Number of protein chains: 2
Amino acid sequence: MSGTVRLYVDHPLGQGQTIPLERPQAHYLFGVMRLEAGAELLLFNGRDGEWRCEVAQAGKRGGLLVCQEQSKPQAAPPDLWLVFAPVKKARTDFIVEKAVEMGVRRLVPVQSDFTNSERIRADKQRAHAIEAAEQCGATFVPEVAEIQKLSRLLDHWPAERHLLFCDEAQAGGSSALAGLLALQEAGRGPWAILIGPEGGFSEAERARLHGFDFTHPVALGPRILRAETAAVAALTLWQAVLGDWQ
Amino acid sequence: MSGTVRLYVDHPLGQGQTIPLERPQAHYLFGVMRLEAGAELLLFNGRDGEWRCEVAQAGKRGGLLVCQEQSKPQAAPPDLWLVFAPVKKARTDFIVEKAVEMGVRRLVPVQSDFTNSERIRADKQRAHAIEAAEQCGATFVPEVAEIQKLSRLLDHWPAERHLLFCDEAQAGGSSALAGLLALQEAGRGPWAILIGPEGGFSEAERARLHGFDFTHPVALGPRILRAETAAVAALTLWQAVLGDWQ
């Protein structure tokens, strides 16, 4: 990682564009990071790619940045959602961070029958996704949906979106890789990956998930994986077989 | 995860075997977890599988457990090492935890040219690996080697052990999955995965790594992954193609 400051802003970016700073951003850039007028930094807004910018004015309560040139084109990840049951806070944060690094379009927290931690603040997780994007060099920040019941999400599931679900009880089933490779042709189009809670899915959920045309159960090896590990593993296999790692 | 206590002990386990407890273990089981005589728990020692045991005596300073029956056979992961450059503490802990869940035989911390955090206590990381194994239901605990220089490790590398290294600069190279699938036949035998530090490998290291017969460079997608994410992703692909997820 380079030492150049990389910041998300909710402002249009383009050749010669000026970006006025509000107090918290000015405090961060000039107070914490000690940038001065003339300093360079990288900005992205999730839509216009990444831009090399210069500090035009630096003040305690505000400032002005000017876009110099685009340093990275806008790059959206494949149309993939990560649907997950929140776990303990540090591990939920981790799932969000890893989803940004691995490349997903949308994060969908769900309450399932065995979800322990039912509270998740979408605004906090959006901020966490932005921070992860700042860190990992991504130009895209996934949307974080409000938490909803898994049953309700499935009631309204868009039938054309494939859903890969990681099923610990899938012992003896096809391996995740074999399952995905078999879908390389049939599996074009939008996808989602569903990671269950620490306690797994309930029998009722499992039966329902197996009953849809759009679902694809996979097993992730012989060991029990924590939710955040299963998320990274499933995202890896999906990206490698169907996504932009090909 | 069930509520049954699962504990690693450094003691032989077998039918009718008694296990005397030392003070810290007794404190944990009877003080913290509040187990009483007659309570059931699961023990493993990394060699004899997992055993269902009963508390025979519970005291403040010690106690006695008795093995009832084997609940899981001993299962070692494939002969895979994870070689990694330590990063910040929480993320290094995470790499160790994930390596246990994903299944590796040996953890080998290395100092590379760009390694920031050079200190790692193998004893602490061994304890961390044991804790991860207790949590994830594994019967095997990987060895954690003392930290060593990457250059020295490569000087003495066993030529028959394949080494997969994750190279950010491998843009345009073959994808990790294609690379591994191509090795499914030729790649039998022992393996290691090398994850570089946050700053990547130095040019000298990269040139050296590319020069060996036993090395296989792979690229992990178009985004920059943190070290712990790269570790889980590389372990996933390896396990799916060459390991015990097949």
# chains A, B, ... in the order shown; residues from 1 in each chain; ligands from 1
$ closest_atom_pairs --of "chain A" --to "chain B" --cutoff "9 Å" --atoms "only C-alpha atoms" --output "JSON lines"
{"residue": "A:Met1", "atom": "CA", "partner": "B:Gly199", "partner_atom": "CA", "distance": 5.6}
{"residue": "A:Ser2", "atom": "CA", "partner": "B:Gly199", "partner_atom": "CA", "distance": 8.1}
{"residue": "A:Lys98", "atom": "CA", "partner": "B:Thr229", "partner_atom": "CA", "distance": 6.9}
{"residue": "A:Glu101", "atom": "CA", "partner": "B:Leu225", "partner_atom": "CA", "distance": 5.9}
{"residue": "A:Met102", "atom": "CA", "partner": "B:Arg223", "partner_atom": "CA", "distance": 7.2}
{"residue": "A:Gly103", "atom": "CA", "partner": "B:Arg223", "partner_atom": "CA", "distance": 7.7}
{"residue": "A:Cys136", "atom": "CA", "partner": "B:Ile224", "partner_atom": "CA", "distance": 5.6}
{"residue": "A:Gly137", "atom": "CA", "partner": "B:Ile224", "partner_atom": "CA", "distance": 6.6}
{"residue": "A:Ala138", "atom": "CA", "partner": "B:Arg223", "partner_atom": "CA", "distance": 6.7}
{"residue": "A:Ser174", "atom": "CA", "partner": "B:Gln246", "partner_atom": "CA", "distance": 8.4}
{"residue": "A:Ser175", "atom": "CA", "partner": "B:Gln246", "partner_atom": "CA", "distance": 5.8}
{"residue": "A:Ala176", "atom": "CA", "partner": "B:Ala240", "partner_atom": "CA", "distance": 7.5}
{"residue": "A:Leu177", "atom": "CA", "partner": "B:Ala240", "partner_atom": "CA", "distance": 6.0}
{"residue": "A:Ala178", "atom": "CA", "partner": "B:Gln246", "partner_atom": "CA", "distance": 7.9}
{"residue": "A:Glu198", "atom": "CA", "partner": "B:Met1", "partner_atom": "CA", "distance": 6.5}
{"residue": "A:Gly199", "atom": "CA", "partner": "B:Met1", "partner_atom": "CA", "distance": 5.5}
{"residue": "A:Gly200", "atom": "CA", "partner": "B:Met1", "partner_atom": "CA", "distance": 8.4}
{"residue": "A:Ala219", "atom": "CA", "partner": "B:Trp245", "partner_atom": "CA", "distance": 8.3}
{"residue": "A:Leu220", "atom": "CA", "partner": "B:Trp245", "partner_atom": "CA", "distance": 6.8}
{"residue": "A:Gly221", "atom": "CA", "partner": "B:Trp245", "partner_atom": "CA", "distance": 4.3}
{"residue": "A:Pro222", "atom": "CA", "partner": "B:Trp245", "partner_atom": "CA", "distance": 6.7}
{"residue": "A:Arg223", "atom": "CA", "partner": "B:Glu101", "partner_atom": "CA", "distance": 6.5}
{"residue": "A:Ile224", "atom": "CA", "partner": "B:Cys136", "partner_atom": "CA", "distance": 5.6}
{"residue": "A:Leu225", "atom": "CA", "partner": "B:Glu101", "partner_atom": "CA", "distance": 5.9}
{"residue": "A:Arg226", "atom": "CA", "partner": "B:Cys136", "partner_atom": "CA", "distance": 7.4}
{"residue": "A:Thr229", "atom": "CA", "partner": "B:Lys98", "partner_atom": "CA", "distance": 6.9}
{"residue": "A:Val232", "atom": "CA", "partner": "B:Ala233", "partner_atom": "CA", "distance": 6.6}
{"residue": "A:Ala233", "atom": "CA", "partner": "B:Thr236", "partner_atom": "CA", "distance": 5.5}
{"residue": "A:Ala234", "atom": "CA", "partner": "B:Thr236", "partner_atom": "CA", "distance": 8.4}
{"residue": "A:Leu235", "atom": "CA", "partner": "B:Ala233", "partner_atom": "CA", "distance": 8.4}
{"residue": "A:Thr236", "atom": "CA", "partner": "B:Ala233", "partner_atom": "CA", "distance": 5.5}
{"residue": "A:Leu237", "atom": "CA", "partner": "B:Leu237", "partner_atom": "CA", "distance": 6.9}
{"residue": "A:Gln239", "atom": "CA", "partner": "B:Gly221", "partner_atom": "CA", "distance": 7.9}
{"residue": "A:Ala240", "atom": "CA", "partner": "B:Leu177", "partner_atom": "CA", "distance": 6.0}
{"residue": "A:Val241", "atom": "CA", "partner": "B:Leu177", "partner_atom": "CA", "distance": 7.6}
{"residue": "A:Asp244", "atom": "CA", "partner": "B:Gly221", "partner_atom": "CA", "distance": 6.7}
{"residue": "A:Trp245", "atom": "CA", "partner": "B:Gly221", "partner_atom": "CA", "distance": 4.3}
{"residue": "A:Gln246", "atom": "CA", "partner": "B:Ser175", "partner_atom": "CA", "distance": 5.8}
$ residues_around --residues "Cys166 in chain A" --least-positions-apart "3" --cutoff "6 Å" --atoms "only C-alpha atoms" --output "JSON, numbers by chain"
{"A": [195, 217, 218, 219]}
$ write_last_selection --atoms "C-alpha atoms" --output "compact mmCIF listing (two decimals), in the first residue's frame"
# COMPACT_ATOMS: atom_id res chain seq x y z
CA ILE A 195 -24.04 -17.52 4.14
CA PRO A 217 -26.44 -25.82 -2.54
CA VAL A 218 -22.70 -26.32 -2.11
CA ALA A 219 -20.47 -27.81 0.56
$ residues_around --residues "range 148-150 of chain B" --least-positions-apart "6" --cutoff "12 Å" --atoms "only C-alpha atoms" --output "MDAnalysis selection string"
chainID B and resid 83:86 107:115 118:122 156:157 194:197 201:202 204:206 208:209
$ closest_residue --among "A:Arg6, A:Ala58, A:Ala186, A:Leu13" --to "His27 in chain A" --atoms "only C-alpha atoms"
A:Ala58
$ atom_distance --atom1 "CA of Leu35 in chain A" --atom2 "CA of Val55 in chain A"
7.8 Å
$ select_by_dssp --residues "range 20-209 of chain A" --states "alpha helix (DSSP H)" --output "PyMOL selection string"
chain A and resi 23-26+89-102+122-136+150-155+176-182+203-209
$ residues_around --residues "Gly62 in chain B" --least-positions-apart "2" --cutoff "8 Å" --atoms "only C-alpha atoms" --output "compact mmCIF listing (two decimals) with N, CA and C atoms, in the first residue's frame"
# COMPACT_ATOMS: atom_id res chain seq x y z
N PRO B 20 -5.73 -36.35 34.20
CA PRO B 20 -5.66 -35.46 35.37
C PRO B 20 -5.56 -34.01 34.89
N LEU B 21 -6.21 -33.12 35.59
CA LEU B 21 -6.21 -31.71 35.17
C LEU B 21 -5.29 -30.89 36.03
N GLU B 22 -4.61 -29.97 35.39
CA GLU B 22 -3.82 -29.02 36.15
C GLU B 22 -4.69 -27.82 36.50
N ARG B 23 -4.12 -26.98 37.34
CA ARG B 23 -4.91 -25.89 37.92
C ARG B 23 -5.58 -24.97 36.89
N GLN B 25 -6.55 -25.55 33.83
CA GLN B 25 -7.64 -26.27 33.15
C GLN B 25 -8.82 -26.46 34.09
N ALA B 26 -8.50 -26.81 35.35
CA ALA B 26 -9.56 -26.99 36.35
C ALA B 26 -10.30 -25.67 36.56
N HIS B 27 -9.54 -24.59 36.63
CA HIS B 27 -10.17 -23.28 36.81
C HIS B 27 -11.11 -22.99 35.64
N ALA B 58 -14.13 -32.94 40.22
CA ALA B 58 -14.01 -31.50 39.94
C ALA B 58 -13.57 -30.79 41.21
N GLY B 59 -12.44 -30.10 41.11
CA GLY B 59 -11.96 -29.36 42.29
C GLY B 59 -11.43 -28.01 41.87
N LYS B 60 -11.11 -27.20 42.87
CA LYS B 60 -10.63 -25.86 42.54
C LYS B 60 -9.21 -25.90 41.98
N LEU B 64 -10.32 -34.65 37.45
CA LEU B 64 -10.04 -35.85 36.66
C LEU B 64 -11.15 -36.03 35.64
